[in-house]
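In what follows, a single structure is set out as C-alpha cells and then discussed.
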Amino acid sequence: MTETKRITMREAISQALWEEMERDEKVFIMGEEIGVWGGTYAVTKGFYDHFGPKRVRDTPIAEAAIIGGGVGAAMAGLRPVAELMTINFAFVAMDHIVNEAAKMRYMFGGQMSVPLVIRAVGGGGRQLGATHSQTPDVIFAHFPGLTVVAPGTPYDAKGLLKAAIRSNDPVMFIEHSTMYQTRGEVPVDEDYLVPIGTSKIQRPGRDVTIVTYAKGLDLSLKAADQLAKEGIEVEIVDLRTLRPLDMAPVLESFKRTNRAVVVEEGWRSFGVGSEVVSRIYEEAFDYVDAPIRRVAQTEVPLPYNQALEQMALPQVADVIAAVKEVL
Amino acid sequence: MEKQNHLDIYYQMVLIRRVEERAAELYQQGKIGGFLHLYIGQEAVSTGLVAARQPQDRIITAYRDHGVALNVGMSANVVIAELLGKATGSSKGKGGSMHMADVEKNFWGGHAIVGAHLPIAAGMALGDQYMESDGATICMFGDGATNIGFFHEGVNLSKVWNLPVLWVCENNQYGMGTTIERASAVSEIRQKAVGYGIPNERVDGMDVMAVRQATLKALEHIRNGNGPYFLEIMTYRFRGHSMGDPERYRESAEIKKWQENDPIGIYHAYLIKEKIATTKELDAIDEQVVEEVQAAVQFAESSPDPAPEALFEDVYAG
Ligand SMILES: Cc1ncc(C[n+]2csc(CCOP(=O)(O)OP(=O)(O)O)c2C)c(N)n1
Ligand SMILES: [Mg+2]
C-alpha cells in the first residue's frame, strides 16, 4: 500500500504546482500577487523565493494580458499556469478564454496547441458581494475546445492539476474559496495523475444517486452522513470534470437506484443539473422511478448580508430535503 | 472660502478617520464580513475633490469608497449600517463595504471590479454631454487600475468624444502588494494621460487645499467644454490593502514616514497657522465626531437585518 498523508486542499494544489515546476522547466506561473505576496489564498507561498521571478511572475492587474499572454506563451511552447485571483475576473479575460484559447487548435487545422492552465478560485459564502461571489463554472463548460476541471477533494485536486499541466489543451482549473481547508488523504512521494474527464463514486449507496462536484460534494457528503442515520443510503458521484463530462458512472449508478438529485452551487437555470438531468432522460429514461431534483443557487446575484447570502446558497438541509422528495 | 467651509472640510476628514477606525474594530469583532478596505491616510483626496464639485457633478469610485460616501453627505448611520449588512444601510445591506452609493447625492457608487467603472464614467459623461447639462463626472481609481484595459479604453474614448470627465488617479503607490514600479511601465501615472493628449497635473494628496484647488481648476477646464482632464493625486494608505493584509511588501519605516504627513494633521496645523480656527473649535469638532460615530454604531447595531423577501427584490426593474 502506498503511504498517504492527510493534507488540505491548499497543500494539495500547492504541491501539484511545485512538483510540476520541479519536473518541467517549461512550467511557470503568473498572476496577481502570486509572488511576493504568496498568493491571496497562500497557495503559492514560498514559490517566489524558491523558483525566482522568471518562473513566478507577478503581473499587473491586467486579466486580458494574463490570459492572452498565457495563450501566446503556450503557443510558443511553454506550459503556463495563469492564475486569476478570482474566477469573477475571468469575465475581463473572456475573449482570450473563449475566442482564442478554445479555438486555436481547431481553427488552424490542428497546427497550434495551447497547453495553458487557468487556475481560478470561485464560490460564494464569504460575504464578498455580488461581483465577487459567483460560481460560473458552467459558462466555461459551454465551449467546445475548453476543458473544465473542478475538484472536490485534495486527492483529486492534486492529481487533476498535474494532469491539467501535462495536457496539451487549455484547461480551466476551478477551485472553491471555502474549501482550501478541506482535508483528505493524499499519497506521499508518488507522482500520480487523475485522468481528466472521469467521474468517480465518492460514496457508495443503494437508495438515491447524488450527482455533484466541488462544493456540492462537501454538502452532499454531509447530507449523506445525516441521511445514513435515518437508514437512507445515498450514492455520491463526483463529476470532477465538467467538460468533457463523463456520464458513465452516473448512468451506471442511476440504473441501480432509479432516483437522482443533482447538487451544484451555481444558479439552477442552464446549470450542471440541467445537463445531467437531460442526459439521464436521454440515456436511461426507462430506469426513471421519480422526477429528478436539482439543488442549486437561488436565482439572484448574491447579497452581502450573511443571512440572505446563506438563504440563496444551497445548504445541506436542501440536499436532504431533495433526497427525501425523490424517494 | 468661508470659515464654515474650512470647518466642514476638517469635520469630514475627521469623520472619515473615526468611521474607518470603528469599522476596523467592528470587523475584528466579526460584525463586518467580506472585504473591508480602509481609507485612512487618503482622506484629503476625496474630501478635496468633493469640496470643489458642484451638485450637478457626478462622482464614482472603486471599492475603497467610505470616504466619498461621507464626503457627499451620506450619514455615518447609513454607512455603518451598510457595513453591518443592515436593512437601513445605503444599499439595504446587500452591497456591503465595497458598494456604497447615494444617487440623490450624485454618488454613483463604489465598484469592486478594478477599472470597470472607468468606461462607465465615460458613459455617464456622455449622458451629460448629450443632454447638454453642465455637470462633469469625477472618476476616482487607484494606480493599479491604470494597468487594466478598461482604463485605456475609457480614457481614450473620453478624449475622442471630448467628454466632461475628470479622471482622478489616487496614487497610493501600491496595488495590493505590488509597487507601481513592478506593475506600470511609467511610474509617473500622469504620463498615461499625456499619451492620450489629456491635460494633467500631479497633486499633493496629503494637502486637502491643494487637492481642492487643482480640482476647481480642472472642473473649470471641463465645464468650458474643453473635454477631459486628468489628476494624479499622490497619497498613501496607512493601513493594509484590506483587513487581514500581512503587509510583507513594505517596511514599517516607510509607513511611519508617511504618517508624519497625516492629511488631518497637516490641515489642522494650517487652520491654526492661518488663524482660520482655534484649537478649541477644532477640539469641539473632534468631540462632536466621536459622539456622532458612537451614535451611528448604535443605530446600525440596533437596526433590523433585511427581511427574507429582500433577497428577491431589485433583480429586475419589474
Ligand atoms: C479585474 C480585477 N482584478 C483584480 C481584482 C482584485 N483587486 C482588488 S483591489 C486590487 C488592487 C488595486 O490597486 P489600486 O488600483 O492601486 O487601488 P488601491 O487598492 O491602492 O486603492 C486588486 C488586484 C479586482 N477586484 N478586479
Ligand atoms: Mg493603489
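Chain labels follow the order of the C-alpha cells: the first chain is A, the next B, and so on; residue numbering restarts at 1 in every chain, and ligands are counted from 1 in their shown order.
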
Would you name the residues within 8 Å of ligand 2, counting only C-alpha atoms and all ligand atoms, and put them as an mmCIF file with all heavy atoms, in the first residue's frame?
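Writing done, so here's part_9.cif:
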data_model
loop_
_atom_site.group_PDB
_atom_site.id
_atom_site.type_symbol
_atom_site.label_atom_id
_atom_site.label_comp_id
_atom_site.auth_asym_id
_atom_site.auth_seq_id
_atom_site.Cartn_x
_atom_site.Cartn_y
_atom_site.Cartn_z
ATOM 1 N N GLY B 142 -7.461 53.703 -8.531
ATOM 2 C CA GLY B 142 -6.115 53.557 -7.973
ATOM 3 C C GLY B 142 -5.036 53.537 -9.036
ATOM 4 O O GLY B 142 -5.316 53.442 -10.230
ATOM 5 N N ASP B 143 -3.798 53.580 -8.584
ATOM 6 C CA ASP B 143 -2.665 53.471 -9.504
ATOM 7 C C ASP B 143 -2.675 52.114 -10.209
ATOM 8 O O ASP B 143 -2.393 52.012 -11.402
ATOM 9 C CB ASP B 143 -1.345 53.663 -8.745
ATOM 10 C CG ASP B 143 -1.301 52.841 -7.459
ATOM 11 O OD1 ASP B 143 -1.992 53.229 -6.495
ATOM 12 O OD2 ASP B 143 -0.622 51.802 -7.431
ATOM 13 N N GLY B 144 -3.031 51.081 -9.443
ATOM 14 C CA GLY B 144 -3.038 49.728 -10.021
ATOM 15 C C GLY B 144 -4.047 49.603 -11.156
ATOM 16 O O GLY B 144 -3.843 48.820 -12.096
ATOM 17 N N ALA B 145 -5.119 50.373 -11.068
ATOM 18 C CA ALA B 145 -6.177 50.294 -12.076
ATOM 19 C C ALA B 145 -5.745 50.854 -13.422
ATOM 20 O O ALA B 145 -6.411 50.604 -14.434
ATOM 21 C CB ALA B 145 -7.412 51.041 -11.571
ATOM 22 N N GLU B 170 -5.801 58.030 -7.731
ATOM 23 C CA GLU B 170 -5.307 58.115 -6.354
ATOM 24 C C GLU B 170 -4.058 57.255 -6.298
ATOM 25 O O GLU B 170 -4.146 56.036 -6.142
ATOM 26 C CB GLU B 170 -6.333 57.556 -5.370
ATOM 27 C CG GLU B 170 -7.526 58.436 -5.173
ATOM 28 C CD GLU B 170 -8.361 57.972 -3.983
ATOM 29 O OE1 GLU B 170 -8.028 58.330 -2.842
ATOM 30 O OE2 GLU B 170 -9.343 57.267 -4.206
ATOM 31 N N ASN B 171 -2.937 57.905 -6.442
ATOM 32 C CA ASN B 171 -1.685 57.155 -6.465
ATOM 33 C C ASN B 171 -1.175 56.941 -5.046
ATOM 34 O O ASN B 171 -0.469 57.772 -4.497
ATOM 35 C CB ASN B 171 -0.651 57.901 -7.318
ATOM 36 C CG ASN B 171 0.627 57.099 -7.471
ATOM 37 O OD1 ASN B 171 0.833 56.114 -6.764
ATOM 38 N ND2 ASN B 171 1.483 57.525 -8.385
ATOM 39 N N ASN B 172 -1.556 55.805 -4.470
ATOM 40 C CA ASN B 172 -1.049 55.457 -3.128
ATOM 41 C C ASN B 172 0.136 54.497 -3.238
ATOM 42 O O ASN B 172 0.552 53.881 -2.267
ATOM 43 C CB ASN B 172 -2.169 54.897 -2.246
ATOM 44 C CG ASN B 172 -2.744 53.591 -2.777
ATOM 45 O OD1 ASN B 172 -2.229 53.005 -3.721
ATOM 46 N ND2 ASN B 172 -3.820 53.128 -2.166
ATOM 47 N N GLN B 173 0.640 54.365 -4.456
ATOM 48 C CA GLN B 173 1.891 53.677 -4.743
ATOM 49 C C GLN B 173 1.893 52.163 -4.676
ATOM 50 O O GLN B 173 2.905 51.523 -4.982
ATOM 51 C CB GLN B 173 3.004 54.244 -3.873
ATOM 52 C CG GLN B 173 3.319 55.648 -4.387
ATOM 53 C CD GLN B 173 3.582 56.627 -3.301
ATOM 54 O OE1 GLN B 173 4.688 56.623 -2.805
ATOM 55 N NE2 GLN B 173 2.603 57.427 -2.957
ATOM 56 N N TYR B 174 0.752 51.597 -4.308
ATOM 57 C CA TYR B 174 0.635 50.143 -4.307
ATOM 58 C C TYR B 174 -0.718 49.718 -4.862
ATOM 59 O O TYR B 174 -1.734 50.349 -4.569
ATOM 60 C CB TYR B 174 0.723 49.577 -2.881
ATOM 61 C CG TYR B 174 2.081 49.712 -2.245
ATOM 62 C CD1 TYR B 174 2.419 50.859 -1.529
ATOM 63 C CD2 TYR B 174 3.023 48.689 -2.344
ATOM 64 C CE1 TYR B 174 3.668 50.982 -0.932
ATOM 65 C CE2 TYR B 174 4.264 48.801 -1.745
ATOM 66 C CZ TYR B 174 4.585 49.959 -1.042
ATOM 67 O OH TYR B 174 5.819 50.069 -0.451
ATOM 68 N N GLY B 175 -0.727 48.655 -5.612
ATOM 69 C CA GLY B 175 -1.947 47.923 -5.896
ATOM 70 C C GLY B 175 -1.793 46.630 -5.124
ATOM 71 O O GLY B 175 -0.923 45.819 -5.448
ATOM 72 N N MET B 176 -2.524 46.482 -4.068
ATOM 73 C CA MET B 176 -2.300 45.404 -3.092
ATOM 74 C C MET B 176 -0.838 45.436 -2.660
ATOM 75 O O MET B 176 -0.402 46.427 -2.108
ATOM 76 C CB MET B 176 -2.731 44.041 -3.648
ATOM 77 C CG MET B 176 -4.248 43.995 -3.864
ATOM 78 S SD MET B 176 -4.944 42.366 -4.192
ATOM 79 C CE MET B 176 -4.830 41.588 -2.600
#

Grab me every residue within 8 Å of ligand 1, counting only C-alpha atoms and all ligand atoms, and send it over as a PyMOL selection string.
-> (chain A and resi 32-33+61-63+84-86+88-89+92+132) or (chain B and resi 37+62-64+112-116+141-146+148+170-176+237+241)

Residues as selected, N, CA and C atoms, written as a tab-separated table (two decimals), in the first residue's frame, can you do that?
chain	number	residue	atom	x	y	z
A	32	GLU	N	-1.75	37.83	-10.40
A	32	GLU	CA	-1.68	38.96	-9.48
A	32	GLU	C	-1.37	38.49	-8.06
A	33	GLU	N	-0.34	39.04	-7.49
A	33	GLU	CA	0.03	38.80	-6.09
A	33	GLU	C	0.39	37.34	-5.80
A	61	ILE	N	-2.43	44.35	-12.74
A	61	ILE	CA	-3.86	44.00	-12.73
A	61	ILE	C	-4.31	44.12	-14.18
A	62	ALA	N	-4.28	43.02	-14.88
A	62	ALA	CA	-4.48	43.05	-16.32
A	62	ALA	C	-4.86	41.64	-16.77
A	63	GLU	N	-6.10	41.27	-16.51
A	63	GLU	CA	-6.51	39.88	-16.76
A	63	GLU	C	-6.42	39.50	-18.23
A	84	LEU	N	-6.03	33.46	-12.15
A	84	LEU	CA	-6.96	34.58	-11.98
A	84	LEU	C	-7.21	34.68	-10.48
A	85	MET	N	-7.03	35.86	-9.92
A	85	MET	CA	-7.17	36.00	-8.47
A	85	MET	C	-8.52	35.46	-8.02
A	86	THR	N	-9.57	35.74	-8.79
A	86	THR	CA	-10.84	35.03	-8.59
A	86	THR	C	-11.48	34.82	-9.96
A	88	ASN	N	-14.26	35.49	-10.95
A	88	ASN	CA	-15.08	36.62	-11.38
A	88	ASN	C	-14.33	37.53	-12.35
A	89	PHE	N	-13.01	37.52	-12.26
A	89	PHE	CA	-12.21	38.36	-13.14
A	89	PHE	C	-11.98	37.69	-14.50
A	92	VAL	N	-13.23	39.60	-17.47
A	92	VAL	CA	-12.37	40.62	-18.07
A	92	VAL	C	-11.54	39.98	-19.20
A	132	HIS	N	-18.17	39.33	-6.54
A	132	HIS	CA	-17.01	38.55	-6.10
A	132	HIS	C	-17.38	37.17	-5.55
B	37	HIS	N	-11.86	47.65	2.92
B	37	HIS	CA	-10.71	48.46	2.51
B	37	HIS	C	-10.83	49.82	3.16
B	62	ALA	N	-13.91	53.39	-6.77
B	62	ALA	CA	-13.73	51.94	-6.65
B	62	ALA	C	-14.27	51.47	-5.30
B	63	TYR	N	-13.75	50.35	-4.84
B	63	TYR	CA	-14.25	49.70	-3.61
B	63	TYR	C	-13.81	50.42	-2.34
B	64	ARG	N	-12.79	51.29	-2.43
B	64	ARG	CA	-12.30	52.00	-1.23
B	64	ARG	C	-13.15	53.26	-1.11
B	112	ALA	N	-16.38	47.18	-7.46
B	112	ALA	CA	-15.38	46.23	-6.94
B	112	ALA	C	-14.51	45.57	-8.00
B	113	ILE	N	-14.88	45.70	-9.26
B	113	ILE	CA	-14.02	45.13	-10.30
B	113	ILE	C	-13.06	46.23	-10.73
B	114	VAL	N	-11.77	45.99	-10.54
B	114	VAL	CA	-10.77	47.04	-10.78
B	114	VAL	C	-10.91	47.61	-12.20
B	115	GLY	N	-11.08	48.91	-12.26
B	115	GLY	CA	-11.10	49.61	-13.55
B	115	GLY	C	-12.43	49.59	-14.28
B	116	ALA	N	-13.35	48.74	-13.85
B	116	ALA	CA	-14.60	48.57	-14.60
B	116	ALA	C	-15.42	49.86	-14.67
B	141	PHE	N	-9.87	56.32	-9.16
B	141	PHE	CA	-9.38	54.94	-9.29
B	141	PHE	C	-7.96	54.90	-8.76
B	142	GLY	N	-7.46	53.70	-8.53
B	142	GLY	CA	-6.12	53.56	-7.97
B	142	GLY	C	-5.04	53.54	-9.04
B	143	ASP	N	-3.80	53.58	-8.58
B	143	ASP	CA	-2.66	53.47	-9.50
B	143	ASP	C	-2.67	52.11	-10.21
B	144	GLY	N	-3.03	51.08	-9.44
B	144	GLY	CA	-3.04	49.73	-10.02
B	144	GLY	C	-4.05	49.60	-11.16
B	145	ALA	N	-5.12	50.37	-11.07
B	145	ALA	CA	-6.18	50.29	-12.08
B	145	ALA	C	-5.75	50.85	-13.42
B	146	THR	N	-4.63	51.59	-13.45
B	146	THR	CA	-4.22	52.19	-14.72
B	146	THR	C	-3.52	51.18	-15.63
B	148	ILE	N	-5.01	48.18	-16.39
B	148	ILE	CA	-6.01	47.28	-16.98
B	148	ILE	C	-6.58	47.95	-18.24
B	170	GLU	N	-5.80	58.03	-7.73
B	170	GLU	CA	-5.31	58.11	-6.35
B	170	GLU	C	-4.06	57.26	-6.30
B	171	ASN	N	-2.94	57.90	-6.44
B	171	ASN	CA	-1.68	57.15	-6.46
B	171	ASN	C	-1.18	56.94	-5.05
B	172	ASN	N	-1.56	55.81	-4.47
B	172	ASN	CA	-1.05	55.46	-3.13
B	172	ASN	C	0.14	54.50	-3.24
B	173	GLN	N	0.64	54.37	-4.46
B	173	GLN	CA	1.89	53.68	-4.74
B	173	GLN	C	1.89	52.16	-4.68
B	174	TYR	N	0.75	51.60	-4.31
B	174	TYR	CA	0.64	50.14	-4.31
B	174	TYR	C	-0.72	49.72	-4.86
B	175	GLY	N	-0.73	48.65	-5.61
B	175	GLY	CA	-1.95	47.92	-5.90
B	175	GLY	C	-1.79	46.63	-5.12
B	176	MET	N	-2.52	46.48	-4.07
B	176	MET	CA	-2.30	45.40	-3.09
B	176	MET	C	-0.84	45.44	-2.66
B	237	ARG	N	-1.84	54.84	1.69
B	237	ARG	CA	-2.76	54.24	2.67
B	237	ARG	C	-1.96	53.79	3.87
B	241	HIS	N	-3.96	46.77	2.51
B	241	HIS	CA	-4.87	46.87	1.36
B	241	HIS	C	-6.30	46.63	1.80

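When only C-alpha atoms are used to measure the gap to B:Gln54, the shortest distance among B:His111, B:Arg223, B:Leu157, B:Val208 belongs to B:Arg223.
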
For chain B, report every residue with an atom at most 10 Å from chain A (counting only C-alpha atoms), formatted as a PyMOL selection string.
-> chain B and resi 32-36+82-87+91-99+111-116+144-150+175-180+182-185+245-249+305-316

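The list of residues with at least one atom within 7 Å of B:Arg202, based on only C-alpha atoms and without residues fewer than 2 positions apart in the same chain, reads Arg190, Leu231, Glu232 and Ile233 of chain B.
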
Return as a PyMOL selection string the full set of residues in stretch 145-259 of chain A whose backbone-based DSSP assignment is strand (DSSP E).
-> chain A and resi 147-149+171-176+183-187+200-203+208-212+234-238+241-243

Would you mind listing what lies within 8 Å of stretch 230-245 of chain A as a PyMOL selection string, with only C-alpha atoms counted and same-chain residues fewer than 5 positions away left out?
-> chain A and resi 138+141+146-152+156+196-214+217+220-221+224+250+253+272

Would you mind exporting C-alpha atoms of the selected residues as a PDB file, in the first residue's frame?
ATOM      1  CA  VAL A 138     -20.892  26.011 -16.305  1.00  0.00           C
ATOM      2  CA  ALA A 141     -18.150  24.213 -19.829  1.00  0.00           C
ATOM      3  CA  LEU A 146     -12.043  24.127 -23.363  1.00  0.00           C
ATOM      4  CA  THR A 147     -11.552  21.583 -20.611  1.00  0.00           C
ATOM      5  CA  VAL A 148     -13.143  22.434 -17.270  1.00  0.00           C
ATOM      6  CA  VAL A 149     -11.975  20.739 -14.088  1.00  0.00           C
ATOM      7  CA  ALA A 150     -13.378  21.395 -10.605  1.00  0.00           C
ATOM      8  CA  PRO A 151     -12.142  19.006  -7.900  1.00  0.00           C
ATOM      9  CA  GLY A 152     -13.834  18.356  -4.563  1.00  0.00           C
ATOM     10  CA  ASP A 156      -8.356  14.780  -6.940  1.00  0.00           C
ATOM     11  CA  ILE A 196      -9.262  14.433 -16.801  1.00  0.00           C
ATOM     12  CA  GLY A 197     -12.808  13.608 -17.868  1.00  0.00           C
ATOM     13  CA  THR A 198     -13.516  10.864 -15.366  1.00  0.00           C
ATOM     14  CA  SER A 199     -16.313  10.941 -12.821  1.00  0.00           C
ATOM     15  CA  LYS A 200     -15.961   8.965  -9.611  1.00  0.00           C
ATOM     16  CA  ILE A 201     -18.170   7.411  -6.953  1.00  0.00           C
ATOM     17  CA  GLN A 202     -17.044   9.104  -3.740  1.00  0.00           C
ATOM     18  CA  ARG A 203     -19.502   7.269  -1.514  1.00  0.00           C
ATOM     19  CA  PRO A 204     -21.398   4.105  -2.364  1.00  0.00           C
ATOM     20  CA  GLY A 205     -25.088   3.698  -1.537  1.00  0.00           C
ATOM     21  CA  ARG A 206     -28.171   1.908  -2.785  1.00  0.00           C
ATOM     22  CA  ASP A 207     -31.115   4.313  -2.453  1.00  0.00           C
ATOM     23  CA  VAL A 208     -30.521   7.553  -4.364  1.00  0.00           C
ATOM     24  CA  THR A 209     -27.770   8.790  -6.699  1.00  0.00           C
ATOM     25  CA  ILE A 210     -26.474  12.264  -5.941  1.00  0.00           C
ATOM     26  CA  VAL A 211     -24.584  13.786  -8.853  1.00  0.00           C
ATOM     27  CA  THR A 212     -22.394  16.684  -7.830  1.00  0.00           C
ATOM     28  CA  TYR A 213     -18.922  18.253  -7.856  1.00  0.00           C
ATOM     29  CA  ALA A 214     -16.688  20.686  -5.935  1.00  0.00           C
ATOM     30  CA  LEU A 217     -19.572  17.265  -2.877  1.00  0.00           C
ATOM     31  CA  SER A 220     -23.618  16.021  -0.278  1.00  0.00           C
ATOM     32  CA  LEU A 221     -21.180  14.123   1.952  1.00  0.00           C
ATOM     33  CA  ALA A 224     -25.235  11.566   3.312  1.00  0.00           C
ATOM     34  CA  VAL A 250     -23.681   8.431 -13.253  1.00  0.00           C
ATOM     35  CA  SER A 253     -25.379   4.265 -10.558  1.00  0.00           C
ATOM     36  CA  VAL A 272     -24.929  21.357 -14.373  1.00  0.00           C
TER      37      VAL A 272
END
